[in-house]
>>> print(open('target17.cif').read())   # mmCIF, C-alpha atoms
data_query
#
loop_
_atom_site.group_PDB
_atom_site.id
_atom_site.type_symbol
_atom_site.label_atom_id
_atom_site.label_comp_id
_atom_site.auth_asym_id
_atom_site.auth_seq_id
_atom_site.Cartn_x
_atom_site.Cartn_y
_atom_site.Cartn_z
ATOM 1 C CA MET A 1 0.000 0.000 0.000
ATOM 2 C CA ILE A 2 1.370 3.430 -0.892
ATOM 3 C CA PRO A 3 1.091 5.767 2.129
ATOM 4 C CA GLY A 4 -1.506 8.473 1.709
ATOM 5 C CA VAL A 5 -3.223 6.868 -1.296
ATOM 6 C CA THR A 6 -6.822 5.729 -0.741
ATOM 7 C CA SER A 7 -9.782 4.970 -2.960
ATOM 8 C CA ARG A 8 -12.257 6.423 -0.445
ATOM 9 C CA ARG A 9 -13.786 9.891 -0.710
ATOM 10 C CA ARG A 10 -12.947 12.651 1.726
ATOM 11 C CA PHE A 11 -15.882 13.962 3.713
ATOM 12 C CA SER A 12 -15.071 17.523 2.656
ATOM 13 C CA ASP A 13 -15.498 16.503 -1.008
ATOM 14 C CA LEU A 14 -19.056 15.171 -0.592
ATOM 15 C CA SER A 15 -21.951 17.136 -2.044
ATOM 16 C CA GLU A 16 -24.973 17.973 0.109
ATOM 17 C CA GLN A 17 -26.928 15.232 -1.645
ATOM 18 C CA GLU A 18 -24.199 12.713 -0.859
ATOM 19 C CA ILE A 19 -24.110 13.822 2.775
ATOM 20 C CA LEU A 20 -27.849 13.166 3.057
ATOM 21 C CA ALA A 21 -27.429 9.791 1.334
ATOM 22 C CA LEU A 22 -24.637 8.874 3.766
ATOM 23 C CA ALA A 23 -26.817 9.859 6.712
ATOM 24 C CA ILE A 24 -29.707 7.749 5.388
ATOM 25 C CA SER A 25 -27.571 4.612 4.981
ATOM 26 C CA SER A 26 -25.951 5.147 8.397
ATOM 27 C CA GLU A 27 -29.315 5.440 10.159
ATOM 28 C CA GLU A 28 -30.480 2.268 8.435
ATOM 29 C CA ASP A 29 -27.361 0.395 9.568
ATOM 30 C CA ASP A 30 -27.659 1.633 13.163
ATOM 31 C CA ALA A 31 -31.324 0.630 13.369
ATOM 32 C CA ARG A 32 -30.422 -2.882 12.245
ATOM 33 C CA ILE A 33 -27.619 -3.078 14.816
ATOM 34 C CA TYR A 34 -29.965 -2.019 17.630
ATOM 35 C CA ARG A 35 -32.524 -4.593 16.505
ATOM 36 C CA SER A 36 -29.801 -7.247 16.600
ATOM 37 C CA TYR A 37 -28.725 -6.203 20.103
ATOM 38 C CA ALA A 38 -32.350 -6.395 21.229
ATOM 39 C CA GLU A 39 -32.688 -9.955 19.922
ATOM 40 C CA MET A 40 -29.420 -10.985 21.578
ATOM 41 C CA LEU A 41 -30.563 -9.664 24.978
ATOM 42 C CA ARG A 42 -34.296 -10.359 24.874
ATOM 43 C CA ALA A 43 -34.266 -13.694 26.711
ATOM 44 C CA GLU A 44 -32.081 -12.624 29.644
ATOM 45 C CA TYR A 45 -32.616 -8.841 29.728
ATOM 46 C CA PRO A 46 -36.098 -8.156 28.310
ATOM 47 C CA ASP A 47 -36.239 -4.572 29.645
ATOM 48 C CA THR A 48 -32.922 -3.741 28.013
ATOM 49 C CA ALA A 49 -34.118 -5.311 24.780
ATOM 50 C CA LYS A 50 -37.116 -2.970 24.828
ATOM 51 C CA ILE A 51 -34.794 0.023 25.157
ATOM 52 C CA PHE A 52 -32.856 -1.097 22.081
ATOM 53 C CA ASP A 53 -36.126 -1.694 20.228
ATOM 54 C CA GLY A 54 -37.113 1.895 20.996
ATOM 55 C CA MET A 55 -33.728 3.214 19.871
ATOM 56 C CA ALA A 56 -34.049 1.269 16.604
ATOM 57 C CA THR A 57 -37.507 2.758 16.060
ATOM 58 C CA GLU A 58 -36.134 6.259 16.554
ATOM 59 C CA GLU A 59 -33.287 5.587 14.114
ATOM 60 C CA ASN A 60 -35.863 4.503 11.542
ATOM 61 C CA GLU A 61 -37.779 7.731 12.157
ATOM 62 C CA HIS A 62 -34.572 9.701 11.587
ATOM 63 C CA ARG A 63 -34.063 7.817 8.332
ATOM 64 C CA ARG A 64 -37.621 8.622 7.230
ATOM 65 C CA ARG A 65 -37.141 12.347 7.902
ATOM 66 C CA LEU A 66 -33.870 12.333 5.964
ATOM 67 C CA ILE A 67 -35.500 10.552 3.011
ATOM 68 C CA ASP A 68 -38.351 13.067 2.989
ATOM 69 C CA LEU A 69 -35.847 15.908 2.889
ATOM 70 C CA HIS A 70 -33.860 14.209 0.107
ATOM 71 C CA GLN A 71 -37.010 13.737 -1.982
ATOM 72 C CA GLU A 72 -37.949 17.374 -1.491
ATOM 73 C CA ARG A 73 -34.513 18.706 -2.494
ATOM 74 C CA PHE A 74 -33.062 16.143 -4.904
ATOM 75 C CA GLY A 75 -35.793 13.710 -5.957
ATOM 76 C CA ASP A 76 -36.402 10.021 -5.390
ATOM 77 C CA VAL A 77 -33.041 8.576 -6.496
ATOM 78 C CA ILE A 78 -30.712 8.361 -3.486
ATOM 79 C CA PRO A 79 -26.998 7.906 -4.344
ATOM 80 C CA LEU A 80 -25.413 4.711 -3.052
ATOM 81 C CA ILE A 81 -22.827 5.868 -0.541
ATOM 82 C CA ARG A 82 -22.007 4.089 2.680
ATOM 83 C CA ARG A 83 -19.641 4.681 5.591
ATOM 84 C CA GLU A 84 -16.934 2.448 4.109
ATOM 85 C CA HIS A 85 -16.798 4.751 1.063
ATOM 86 C CA VAL A 86 -15.699 7.799 3.125
ATOM 87 C CA ALA A 87 -12.209 8.223 4.565
ATOM 88 C CA GLY A 88 -12.212 8.737 8.316
ATOM 89 C CA TYR A 89 -15.897 7.940 8.721
ATOM 90 C CA TYR A 90 -16.716 6.083 11.915
ATOM 91 C CA ALA A 91 -16.942 2.304 11.637
ATOM 92 C CA ARG A 92 -19.293 -0.085 13.389
ATOM 93 C CA ARG A 93 -18.189 -3.341 14.980
ATOM 94 C CA PRO A 94 -19.856 -6.435 13.493
ATOM 95 C CA VAL A 95 -22.668 -7.589 15.767
ATOM 96 C CA TRP A 96 -21.238 -11.103 15.964
ATOM 97 C CA LEU A 97 -18.133 -9.727 17.714
ATOM 98 C CA MET A 98 -20.346 -8.506 20.573
ATOM 99 C CA GLU A 99 -22.263 -11.735 21.189
ATOM 100 C CA ASN A 100 -20.015 -13.105 23.943
ATOM 101 C CA LEU A 101 -18.866 -9.849 25.543
ATOM 102 C CA GLY A 102 -21.813 -9.223 27.849
ATOM 103 C CA ILE A 103 -24.316 -6.461 28.455
ATOM 104 C CA GLU A 104 -21.764 -3.959 29.776
ATOM 105 C CA ARG A 105 -19.752 -4.130 26.568
ATOM 106 C CA ILE A 106 -22.910 -3.760 24.469
ATOM 107 C CA ARG A 107 -23.963 -0.749 26.536
ATOM 108 C CA ALA A 108 -20.565 0.893 25.980
ATOM 109 C CA GLU A 109 -20.782 0.182 22.260
ATOM 110 C CA ALA A 110 -24.245 1.776 22.081
ATOM 111 C CA GLU A 111 -22.923 4.910 23.801
ATOM 112 C CA ALA A 112 -20.026 5.061 21.342
ATOM 113 C CA MET A 113 -22.401 4.660 18.396
ATOM 114 C CA GLU A 114 -24.475 7.631 19.510
ATOM 115 C CA ARG A 115 -21.383 9.790 20.110
ATOM 116 C CA ASP A 116 -20.140 8.983 16.615
ATOM 117 C CA ALA A 117 -23.517 9.794 15.079
ATOM 118 C CA GLU A 118 -23.781 13.104 16.972
ATOM 119 C CA ARG A 119 -20.306 14.124 15.769
ATOM 120 C CA PHE A 120 -21.229 13.260 12.183
ATOM 121 C CA TYR A 121 -24.422 15.342 12.230
ATOM 122 C CA LEU A 122 -22.634 18.338 13.722
ATOM 123 C CA ASN A 123 -19.993 18.196 10.981
ATOM 124 C CA ALA A 124 -22.636 17.555 8.314
ATOM 125 C CA ALA A 125 -24.627 20.606 9.436
ATOM 126 C CA LYS A 126 -21.525 22.761 9.046
ATOM 127 C CA ALA A 127 -21.013 21.465 5.510
ATOM 128 C CA THR A 128 -24.464 22.403 4.167
ATOM 129 C CA THR A 129 -25.833 25.805 3.215
ATOM 130 C CA ASP A 130 -29.537 24.956 2.949
ATOM 131 C CA ALA A 131 -31.398 26.231 6.002
ATOM 132 C CA ALA A 132 -33.875 23.337 6.197
ATOM 133 C CA THR A 133 -31.094 20.772 5.874
ATOM 134 C CA ARG A 134 -29.002 22.457 8.552
ATOM 135 C CA ALA A 135 -31.998 22.545 10.864
ATOM 136 C CA LEU A 136 -32.762 18.851 10.415
ATOM 137 C CA LEU A 137 -29.133 17.791 10.844
ATOM 138 C CA GLY A 138 -28.883 19.902 13.986
ATOM 139 C CA ASP A 139 -32.056 18.327 15.369
ATOM 140 C CA LEU A 140 -30.685 14.840 14.669
ATOM 141 C CA ALA A 141 -27.406 15.699 16.411
ATOM 142 C CA ALA A 142 -29.397 16.737 19.478
ATOM 143 C CA ALA A 143 -31.426 13.531 19.291
ATOM 144 C CA GLU A 144 -28.281 11.392 19.127
ATOM 145 C CA ALA A 145 -26.884 13.260 22.147
ATOM 146 C CA GLY A 146 -30.085 12.375 23.993
ATOM 147 C CA HIS A 147 -29.614 8.731 23.076
ATOM 148 C CA GLN A 148 -26.223 8.725 24.805
ATOM 149 C CA GLY A 149 -27.872 9.347 28.142
ATOM 150 C CA ARG A 150 -30.457 6.713 27.360
ATOM 151 C CA ALA A 151 -27.787 4.129 26.557
ATOM 152 C CA GLY A 152 -25.933 5.092 29.717
ATOM 153 C CA GLU A 153 -28.983 4.125 31.790
ATOM 154 C CA LEU A 154 -28.498 0.461 30.882
ATOM 155 C CA GLU A 155 -25.729 -0.137 33.392
ATOM 156 C CA GLU A 156 -27.675 1.313 36.303
ATOM 157 C CA GLN A 157 -30.807 -0.646 35.399
ATOM 158 C CA HIS A 158 -29.318 -4.054 34.651
ATOM 159 C CA LEU A 159 -25.716 -4.433 35.859
ATOM 160 C CA ASP A 160 -26.027 -3.716 39.595
ATOM 161 C CA ALA A 161 -22.758 -1.706 39.436
ATOM 162 C CA ASP A 162 -21.830 1.852 40.384
ATOM 163 C CA ALA A 163 -22.351 4.368 37.616
ATOM 164 C CA ARG A 164 -19.172 5.190 35.791
ATOM 165 C CA ASP A 165 -18.011 8.696 35.460
ATOM 166 C CA SER A 166 -18.755 9.870 31.925
ATOM 167 C CA GLU A 167 -15.603 11.936 31.537
ATOM 168 C CA GLU A 168 -13.415 9.039 32.692
ATOM 169 C CA ARG A 169 -15.006 6.727 30.109
ATOM 170 C CA THR A 170 -14.527 9.307 27.385
ATOM 171 C CA ALA A 171 -10.887 9.880 28.333
ATOM 172 C CA LYS A 172 -10.146 6.158 28.432
ATOM 173 C CA ARG A 173 -11.819 5.577 25.078
ATOM 174 C CA GLN A 174 -9.908 8.470 23.522
ATOM 175 C CA PHE A 175 -6.627 7.112 24.908
ATOM 176 C CA LEU A 176 -7.346 3.724 23.370
ATOM 177 C CA LEU A 177 -8.303 5.172 19.991
ATOM 178 C CA THR A 178 -5.460 7.684 19.751
ATOM 179 C CA TRP A 179 -2.551 5.829 21.306
ATOM 180 C CA VAL A 180 -3.187 2.161 22.126
ATOM 181 C CA GLN A 181 -4.805 0.956 18.894
ATOM 182 C CA PRO A 182 -2.317 2.539 16.450
ATOM 183 C CA GLY A 183 0.592 1.738 18.784
ATOM 184 C CA LEU A 184 -0.453 -1.896 19.051
ATOM 185 C CA ALA A 185 -0.874 -2.161 15.282
ATOM 186 C CA GLY A 186 2.602 -0.720 14.839
ATOM 187 C CA LEU A 187 4.163 -3.020 17.438
ATOM 188 C CA MET A 188 2.598 -6.061 15.785
ATOM 189 C CA ASP A 189 3.746 -4.983 12.333
ATOM 190 C CA GLY A 190 7.279 -4.141 13.478
ATOM 191 C CA SER A 191 7.704 -7.264 15.586
ATOM 192 C CA VAL A 192 6.354 -9.720 13.034
ATOM 193 C CA SER A 193 7.024 -8.279 9.570
ATOM 194 C CA THR A 194 10.741 -7.703 10.232
ATOM 195 C CA LEU A 195 11.386 -11.241 11.490
ATOM 196 C CA ALA A 196 11.834 -12.746 8.019
ATOM 197 C CA PRO A 197 14.345 -10.235 6.582
ATOM 198 C CA ILE A 198 16.406 -10.044 9.784
ATOM 199 C CA PHE A 199 16.738 -13.784 10.389
ATOM 200 C CA ALA A 200 17.066 -14.582 6.694
ATOM 201 C CA THR A 201 20.028 -12.197 6.547
ATOM 202 C CA ALA A 202 21.443 -13.592 9.776
ATOM 203 C CA PHE A 203 21.477 -17.211 8.628
ATOM 204 C CA ALA A 204 22.467 -16.371 5.068
ATOM 205 C CA THR A 205 25.521 -14.280 6.016
ATOM 206 C CA GLN A 206 26.227 -15.133 9.676
ATOM 207 C CA ASP A 207 27.554 -11.572 9.784
ATOM 208 C CA THR A 208 26.163 -9.756 12.813
ATOM 209 C CA TRP A 209 26.928 -6.233 11.566
ATOM 210 C CA THR A 210 25.266 -6.819 8.196
ATOM 211 C CA THR A 211 22.277 -8.340 9.989
ATOM 212 C CA PHE A 212 22.033 -5.331 12.283
ATOM 213 C CA LEU A 213 22.104 -2.911 9.335
ATOM 214 C CA VAL A 214 19.365 -4.852 7.540
ATOM 215 C CA GLY A 215 17.289 -4.926 10.733
ATOM 216 C CA LEU A 216 17.812 -1.205 11.310
ATOM 217 C CA ALA A 217 16.786 -0.362 7.744
ATOM 218 C CA ALA A 218 13.743 -2.653 7.849
ATOM 219 C CA SER A 219 12.600 -1.269 11.217
ATOM 220 C CA VAL A 220 13.033 2.405 10.374
ATOM 221 C CA GLY A 221 11.507 1.974 6.906
ATOM 222 C CA ALA A 222 8.506 0.102 8.286
ATOM 223 C CA GLY A 223 8.082 2.734 11.013
ATOM 224 C CA ILE A 224 8.045 5.597 8.521
ATOM 225 C CA SER A 225 5.588 3.763 6.248
ATOM 226 C CA MET A 226 3.215 2.805 9.073
ATOM 227 C CA GLY A 227 3.356 6.284 10.596
ATOM 228 C CA PHE A 228 2.497 8.072 7.364
ATOM 229 C CA THR A 229 -0.186 5.518 6.466
ATOM 230 C CA GLU A 230 -1.914 5.876 9.856
ATOM 231 C CA ALA A 231 -1.778 9.670 9.753
ATOM 232 C CA ALA A 232 -2.993 9.921 6.150
ATOM 233 C CA SER A 233 -5.771 7.331 6.355
ATOM 234 C CA ASP A 234 -7.993 9.207 8.826
ATOM 235 C CA ASP A 235 -7.938 12.849 9.935
ATOM 236 C CA GLY A 236 -9.960 11.939 13.046
ATOM 237 C CA GLU A 237 -12.645 14.541 12.333
ATOM 238 C CA LEU A 238 -15.489 12.073 11.934
ATOM 239 C CA SER A 239 -14.121 8.910 13.510
ATOM 240 C CA GLY A 240 -13.194 10.669 16.758
ATOM 241 C CA ARG A 241 -9.865 8.802 16.856
ATOM 242 C CA GLY A 242 -7.950 11.951 17.697
ATOM 243 C CA SER A 243 -5.050 13.786 16.109
ATOM 244 C CA PRO A 244 -3.616 12.030 13.032
ATOM 245 C CA ILE A 245 -0.170 13.296 14.044
ATOM 246 C CA LYS A 246 -0.404 11.612 17.453
ATOM 247 C CA ARG A 247 -1.675 8.391 15.920
ATOM 248 C CA GLY A 248 1.022 8.513 13.254
ATOM 249 C CA PHE A 249 3.761 8.936 15.845
ATOM 250 C CA ALA A 250 2.319 6.144 18.009
ATOM 251 C CA SER A 251 2.123 3.733 15.087
ATOM 252 C CA GLY A 252 5.475 4.701 13.557
ATOM 253 C CA ILE A 253 7.482 4.674 16.777
ATOM 254 C CA MET A 254 6.056 1.364 17.976
ATOM 255 C CA THR A 255 6.680 -0.209 14.561
ATOM 256 C CA THR A 256 10.322 0.850 14.736
ATOM 257 C CA VAL A 257 10.644 -0.342 18.346
ATOM 258 C CA GLY A 258 9.125 -3.707 17.453
ATOM 259 C CA GLY A 259 11.689 -4.283 14.709
ATOM 260 C CA LEU A 260 14.704 -2.930 16.610
ATOM 261 C CA GLY A 261 14.007 -5.227 19.540
ATOM 262 C CA HIS A 262 15.413 -8.252 17.728
ATOM 263 C CA ALA A 263 17.837 -6.286 15.536
ATOM 264 C CA LEU A 264 19.854 -4.718 18.390
ATOM 265 C CA PRO A 265 21.228 -8.054 19.685
ATOM 266 C CA TYR A 266 23.220 -8.315 16.444
ATOM 267 C CA LEU A 267 25.473 -5.540 17.699
ATOM 268 C CA ILE A 268 27.081 -8.419 19.617
ATOM 269 C CA PRO A 269 29.947 -9.752 17.448
ATOM 270 C CA ASP A 270 29.394 -13.444 18.238
ATOM 271 C CA PHE A 271 26.736 -14.757 15.829
ATOM 272 C CA TRP A 272 25.178 -17.492 17.977
ATOM 273 C CA THR A 273 25.102 -15.377 21.133
ATOM 274 C CA ALA A 274 23.395 -12.568 19.219
ATOM 275 C CA THR A 275 20.927 -14.978 17.596
ATOM 276 C CA ILE A 276 19.938 -16.661 20.865
ATOM 277 C CA ILE A 277 19.336 -13.282 22.514
ATOM 278 C CA ALA A 278 17.352 -12.109 19.468
ATOM 279 C CA VAL A 279 15.134 -15.211 19.639
ATOM 280 C CA ILE A 280 14.479 -14.567 23.349
ATOM 281 C CA VAL A 281 13.587 -10.949 22.560
ATOM 282 C CA VAL A 282 11.162 -12.119 19.851
ATOM 283 C CA PHE A 283 9.484 -14.436 22.348
ATOM 284 C CA VAL A 284 9.090 -11.582 24.863
ATOM 285 C CA GLU A 285 7.755 -9.214 22.163
ATOM 286 C CA LEU A 286 5.086 -11.630 20.980
ATOM 287 C CA TRP A 287 3.837 -12.381 24.470
ATOM 288 C CA ALA A 288 3.824 -8.649 25.279
ATOM 289 C CA ILE A 289 1.591 -8.057 22.242
ATOM 290 C CA ALA A 290 -0.780 -10.790 23.425
ATOM 291 C CA TRP A 291 -0.903 -9.198 26.895
ATOM 292 C CA ILE A 292 -1.653 -5.735 25.471
ATOM 293 C CA GLN A 293 -4.452 -7.162 23.308
ATOM 294 C CA ASN A 294 -5.946 -8.837 26.364
ATOM 295 C CA ARG A 295 -5.472 -5.848 28.669
ATOM 296 C CA TYR A 296 -6.684 -3.027 26.440
ATOM 297 C CA MET A 297 -8.586 -4.586 23.525
ATOM 298 C CA GLU A 298 -10.463 -7.229 25.579
ATOM 299 C CA THR A 299 -9.212 -10.063 23.378
ATOM 300 C CA PRO A 300 -9.158 -13.400 25.260
ATOM 301 C CA PHE A 301 -5.524 -13.940 26.261
ATOM 302 C CA PHE A 302 -5.057 -17.447 24.940
ATOM 303 C CA ARG A 303 -6.671 -16.605 21.612
ATOM 304 C CA ALA A 304 -4.458 -13.523 21.278
ATOM 305 C CA ALA A 305 -1.381 -15.524 22.267
ATOM 306 C CA PHE A 306 -2.185 -18.291 19.817
ATOM 307 C CA GLN A 307 -2.705 -15.875 16.923
ATOM 308 C CA VAL A 308 0.355 -13.712 17.606
ATOM 309 C CA VAL A 309 2.785 -16.459 18.601
ATOM 310 C CA LEU A 310 1.726 -18.752 15.767
ATOM 311 C CA GLY A 311 1.961 -15.959 13.195
ATOM 312 C CA GLY A 312 5.329 -14.840 14.526
ATOM 313 C CA ALA A 313 6.642 -18.397 14.577
ATOM 314 C CA LEU A 314 5.656 -18.937 10.944
ATOM 315 C CA VAL A 315 7.352 -15.705 9.822
ATOM 316 C CA PHE A 316 10.441 -16.549 11.897
ATOM 317 C CA ALA A 317 10.612 -20.046 10.408
ATOM 318 C CA ALA A 318 10.242 -18.619 6.900
ATOM 319 C CA GLY A 319 13.173 -16.271 7.488
ATOM 320 C CA VAL A 320 15.388 -19.034 8.879
ATOM 321 C CA LEU A 321 14.558 -21.444 6.043
ATOM 322 C CA ILE A 322 15.148 -18.821 3.361
ATOM 323 C CA GLY A 323 18.398 -17.713 4.928
ATOM 324 C CA SER A 324 19.643 -21.265 5.372
ATOM 325 C CA GLY A 325 18.729 -22.348 1.847
#
>>> encode(input="target17.cif", output="structure tokens")
Amino acid sequence: MIPGVTSRRRFSDLSEQEILALAISSEEDDARIYRSYAEMLRAEYPDTAKIFDGMATEENEHRRRLIDLHQERFGDVIPLIRREHVAGYYARRPVWLMENLGIERIRAEAEAMERDAERFYLNAAKATTDAATRALLGDLAAAEAGHQGRAGELEEQHLDADARDSEERTAKRQFLLTWVQPGLAGLMDGSVSTLAPIFATAFATQDTWTTFLVGLAASVGAGISMGFTEAASDDGELSGRGSPIKRGFASGIMTTVGGLGHALPYLIPDFWTATIIAVIVVFVELWAIAWIQNRYMETPFFRAAFQVVLGGALVFAAGVLIGSG
């Protein structure tokens, strides 16, 4: 992938008709997600399911009002534009990922959905000049803000836990989106993708200095590429993921660190000593990635460990086999 090049449209380049079409498709998707949550929870939490049913009904009403406005201004043909067509537009987690994470996780996801939608409508209102359109988009932003409080009631009603402080949740979520997610992606890329070239060079040349130079080049190059790609892919305006510069630095630095971890041992002149230490470092890196996924991304530890360690082992083996061939 060439950094900075994407096939998706920028939000600032959308026409007012396309903004309305995007809002219509987004409301339809959110209504379907809320209906799915309601069905998932209906047997065990019937009251919560009713809340999600009501939220889905309101999303459908929003969609109807948007369609009426589109027909009035632009006619019956609504352009096909969805969230995946717009760079930086907020994404939705697949419903099947939420099935085994419990009511608290679903509640948090519903709050995040409404925050994302409110942010979109506020930005959409700024991008339109038609008074009626601005009024409707502003009303929908206010409605989505009201939904956030409604979603937040779920924990108090059904989890028997103390209410969380809203600002603390927002700060934690922003920290995850801005620093942890891009940093983790960079660490995984740097730790795994550089294994093959470093160990292939090591076993092909058995020259520790040459191996170190290759590892340094691969790590720095991957860090620059990942940093620019992360910063250019999403300006954070609609997704709420924060400053692209911060995310770019987090991704780029962690990518470089991940690669340098097993390149630095080759500053040791003795080949086998350097290689053994590098292998130990790789082992520590992969388990650290699994721990971070479990700690911050709520991925089950053993599943994360299996995926990361197995993937790293395959890349490592490929490098050794190629270098020894």
>>> residues_around(input="target17.cif", residues="region 52-69 of chain A", least_positions_apart="5", cutoff="8 Å", atoms="only C-alpha atoms", output="mmCIF file with C-alpha atoms, in the coordinates of the input")
data_model
loop_
_atom_site.group_PDB
_atom_site.id
_atom_site.type_symbol
_atom_site.label_atom_id
_atom_site.label_comp_id
_atom_site.auth_asym_id
_atom_site.auth_seq_id
_atom_site.Cartn_x
_atom_site.Cartn_y
_atom_site.Cartn_z
ATOM 1 C CA LEU A 20 -27.849 13.166 3.057
ATOM 2 C CA ALA A 23 -26.817 9.859 6.712
ATOM 3 C CA ILE A 24 -29.707 7.749 5.388
ATOM 4 C CA SER A 25 -27.571 4.612 4.981
ATOM 5 C CA GLU A 27 -29.315 5.440 10.159
ATOM 6 C CA GLU A 28 -30.480 2.268 8.435
ATOM 7 C CA ASP A 30 -27.659 1.633 13.163
ATOM 8 C CA ALA A 31 -31.324 0.630 13.369
ATOM 9 C CA ARG A 32 -30.422 -2.882 12.245
ATOM 10 C CA ILE A 33 -27.619 -3.078 14.816
ATOM 11 C CA TYR A 34 -29.965 -2.019 17.630
ATOM 12 C CA ARG A 35 -32.524 -4.593 16.505
ATOM 13 C CA TYR A 37 -28.725 -6.203 20.103
ATOM 14 C CA ALA A 38 -32.350 -6.395 21.229
ATOM 15 C CA THR A 133 -31.094 20.772 5.874
ATOM 16 C CA LEU A 136 -32.762 18.851 10.415
ATOM 17 C CA LEU A 140 -30.685 14.840 14.669
ATOM 18 C CA HIS A 147 -29.614 8.731 23.076
#
>>> closest_residue(input="target17.cif", among="A:Thr255, A:Arg93, A:Gly311, A:Leu216", to="Arg105 (chain A)", atoms="only C-alpha atoms")
A:Arg93
>>> axis_aligned_box(input="target17.cif", around="region 185-196 of chain A", padding_each_side="4 Å", output="lines of an AutoDock Vina configuration file")
center_x = 5.5
center_y = -6.7
center_z = 12.7
size_x = 20.7
size_y = 20.0
size_z = 17.4
>>> resolve_selection(input="target17.cif", expression="the PyMOL selection byres ((chain A and resi 75-83) around 12)", output="VMD selection string")
chain A and resid 8 to 11 14 to 30 66 to 74 84 to 92 116 to 117 120 238 to 239
>>> residues_around(input="target17.cif", residues="Tyr121 (chain A)", least_positions_apart="6", cutoff="7 Å", atoms="all atoms listed in the file", output="PyMOL selection string")
chain A and resi 137-138+140-141
>>> closest_atom_pairs(input="target17.cif", of="region 199-273 of chain A", to="region 175-187 of chain A", cutoff="8 Å", atoms="only C-alpha atoms", output="JSON lines")
{"residue": "A:Gly223", "atom": "CA", "partner": "A:Gly186", "partner_atom": "CA", "distance": 7.5}
{"residue": "A:Met226", "atom": "CA", "partner": "A:Gly186", "partner_atom": "CA", "distance": 6.8}
{"residue": "A:Glu230", "atom": "CA", "partner": "A:Pro182", "partner_atom": "CA", "distance": 7.4}
{"residue": "A:Arg241", "atom": "CA", "partner": "A:Leu177", "partner_atom": "CA", "distance": 5.0}
{"residue": "A:Gly242", "atom": "CA", "partner": "A:Thr178", "partner_atom": "CA", "distance": 5.4}
{"residue": "A:Ser243", "atom": "CA", "partner": "A:Thr178", "partner_atom": "CA", "distance": 7.1}
{"residue": "A:Lys246", "atom": "CA", "partner": "A:Thr178", "partner_atom": "CA", "distance": 6.8}
{"residue": "A:Arg247", "atom": "CA", "partner": "A:Thr178", "partner_atom": "CA", "distance": 5.4}
{"residue": "A:Gly248", "atom": "CA", "partner": "A:Pro182", "partner_atom": "CA", "distance": 7.6}
{"residue": "A:Ala250", "atom": "CA", "partner": "A:Gly183", "partner_atom": "CA", "distance": 4.8}
{"residue": "A:Ser251", "atom": "CA", "partner": "A:Gly183", "partner_atom": "CA", "distance": 4.5}
{"residue": "A:Gly252", "atom": "CA", "partner": "A:Gly186", "partner_atom": "CA", "distance": 6.3}
{"residue": "A:Ile253", "atom": "CA", "partner": "A:Gly186", "partner_atom": "CA", "distance": 7.5}
{"residue": "A:Met254", "atom": "CA", "partner": "A:Leu187", "partner_atom": "CA", "distance": 4.8}
{"residue": "A:Thr255", "atom": "CA", "partner": "A:Gly186", "partner_atom": "CA", "distance": 4.1}
{"residue": "A:Thr256", "atom": "CA", "partner": "A:Leu187", "partner_atom": "CA", "distance": 7.8}
{"residue": "A:Val257", "atom": "CA", "partner": "A:Leu187", "partner_atom": "CA", "distance": 7.1}
{"residue": "A:Gly258", "atom": "CA", "partner": "A:Leu187", "partner_atom": "CA", "distance": 5.0}
>>> atom_distance(input="target17.cif", atom1="CA of Tyr266 (chain A)", atom2="CA of Glu285 (chain A)")
16.5 Å
>>> residues_around(input="target17.cif", residues="Ala274 (chain A)", least_positions_apart="4", cutoff="10 Å", atoms="all atoms listed in the file", output="compact mmCIF listing (two decimals) with C-alpha atoms, in the coordinates of the input")
# COMPACT_ATOMS: atom_id res chain seq x y z
CA ALA A 202 21.44 -13.59 9.78
CA THR A 208 26.16 -9.76 12.81
CA HIS A 262 15.41 -8.25 17.73
CA ALA A 263 17.84 -6.29 15.54
CA LEU A 264 19.85 -4.72 18.39
CA PRO A 265 21.23 -8.05 19.68
CA TYR A 266 23.22 -8.32 16.44
CA LEU A 267 25.47 -5.54 17.70
CA ILE A 268 27.08 -8.42 19.62
CA PRO A 269 29.95 -9.75 17.45
CA ASP A 270 29.39 -13.44 18.24
CA ALA A 278 17.35 -12.11 19.47
CA VAL A 279 15.13 -15.21 19.64
>>> resolve_selection(input="target17.cif", expression="the PyMOL selection byres ((chain A and resi 204) around 12)", output="list in words")
Ala196, Pro197, Ile198, Phe199, Ala200, Thr201, Ala202, Phe203, Thr205, Gln206, Asp207, Thr208, Thr210, Thr211, Phe271, Gly319, Val320, Leu321, Ile322, Gly323, Ser324 and Gly325 of chain A
>>> atom_distance(input="target17.cif", atom1="CA of Ala127 (chain A)", atom2="CA of Pro244 (chain A)")
21.2 Å
>>> resolve_selection(input="target17.cif", expression="the PyMOL selection byres ((chain A and resi 313) around 12)", output="short mmCIF file (atom, residue, chain, number, x, y, z; two decimals) with C-alpha atoms, keeping the file's coordinate frame")
data_model
loop_
_atom_site.label_atom_id
_atom_site.label_comp_id
_atom_site.auth_asym_id
_atom_site.auth_seq_id
_atom_site.Cartn_x
_atom_site.Cartn_y
_atom_site.Cartn_z
CA SER A 191 7.70 -7.26 15.59
CA VAL A 192 6.35 -9.72 13.03
CA SER A 193 7.02 -8.28 9.57
CA LEU A 195 11.39 -11.24 11.49
CA ALA A 196 11.83 -12.75 8.02
CA PHE A 199 16.74 -13.78 10.39
CA VAL A 279 15.13 -15.21 19.64
CA VAL A 282 11.16 -12.12 19.85
CA PHE A 283 9.48 -14.44 22.35
CA GLU A 285 7.76 -9.21 22.16
CA LEU A 286 5.09 -11.63 20.98
CA TRP A 287 3.84 -12.38 24.47
CA ALA A 305 -1.38 -15.52 22.27
CA PHE A 306 -2.18 -18.29 19.82
CA GLN A 307 -2.70 -15.88 16.92
CA VAL A 308 0.36 -13.71 17.61
CA VAL A 309 2.78 -16.46 18.60
CA LEU A 310 1.73 -18.75 15.77
CA GLY A 311 1.96 -15.96 13.20
CA GLY A 312 5.33 -14.84 14.53
CA LEU A 314 5.66 -18.94 10.94
CA VAL A 315 7.35 -15.70 9.82
CA PHE A 316 10.44 -16.55 11.90
CA ALA A 317 10.61 -20.05 10.41
CA ALA A 318 10.24 -18.62 6.90
CA GLY A 319 13.17 -16.27 7.49
CA VAL A 320 15.39 -19.03 8.88
#
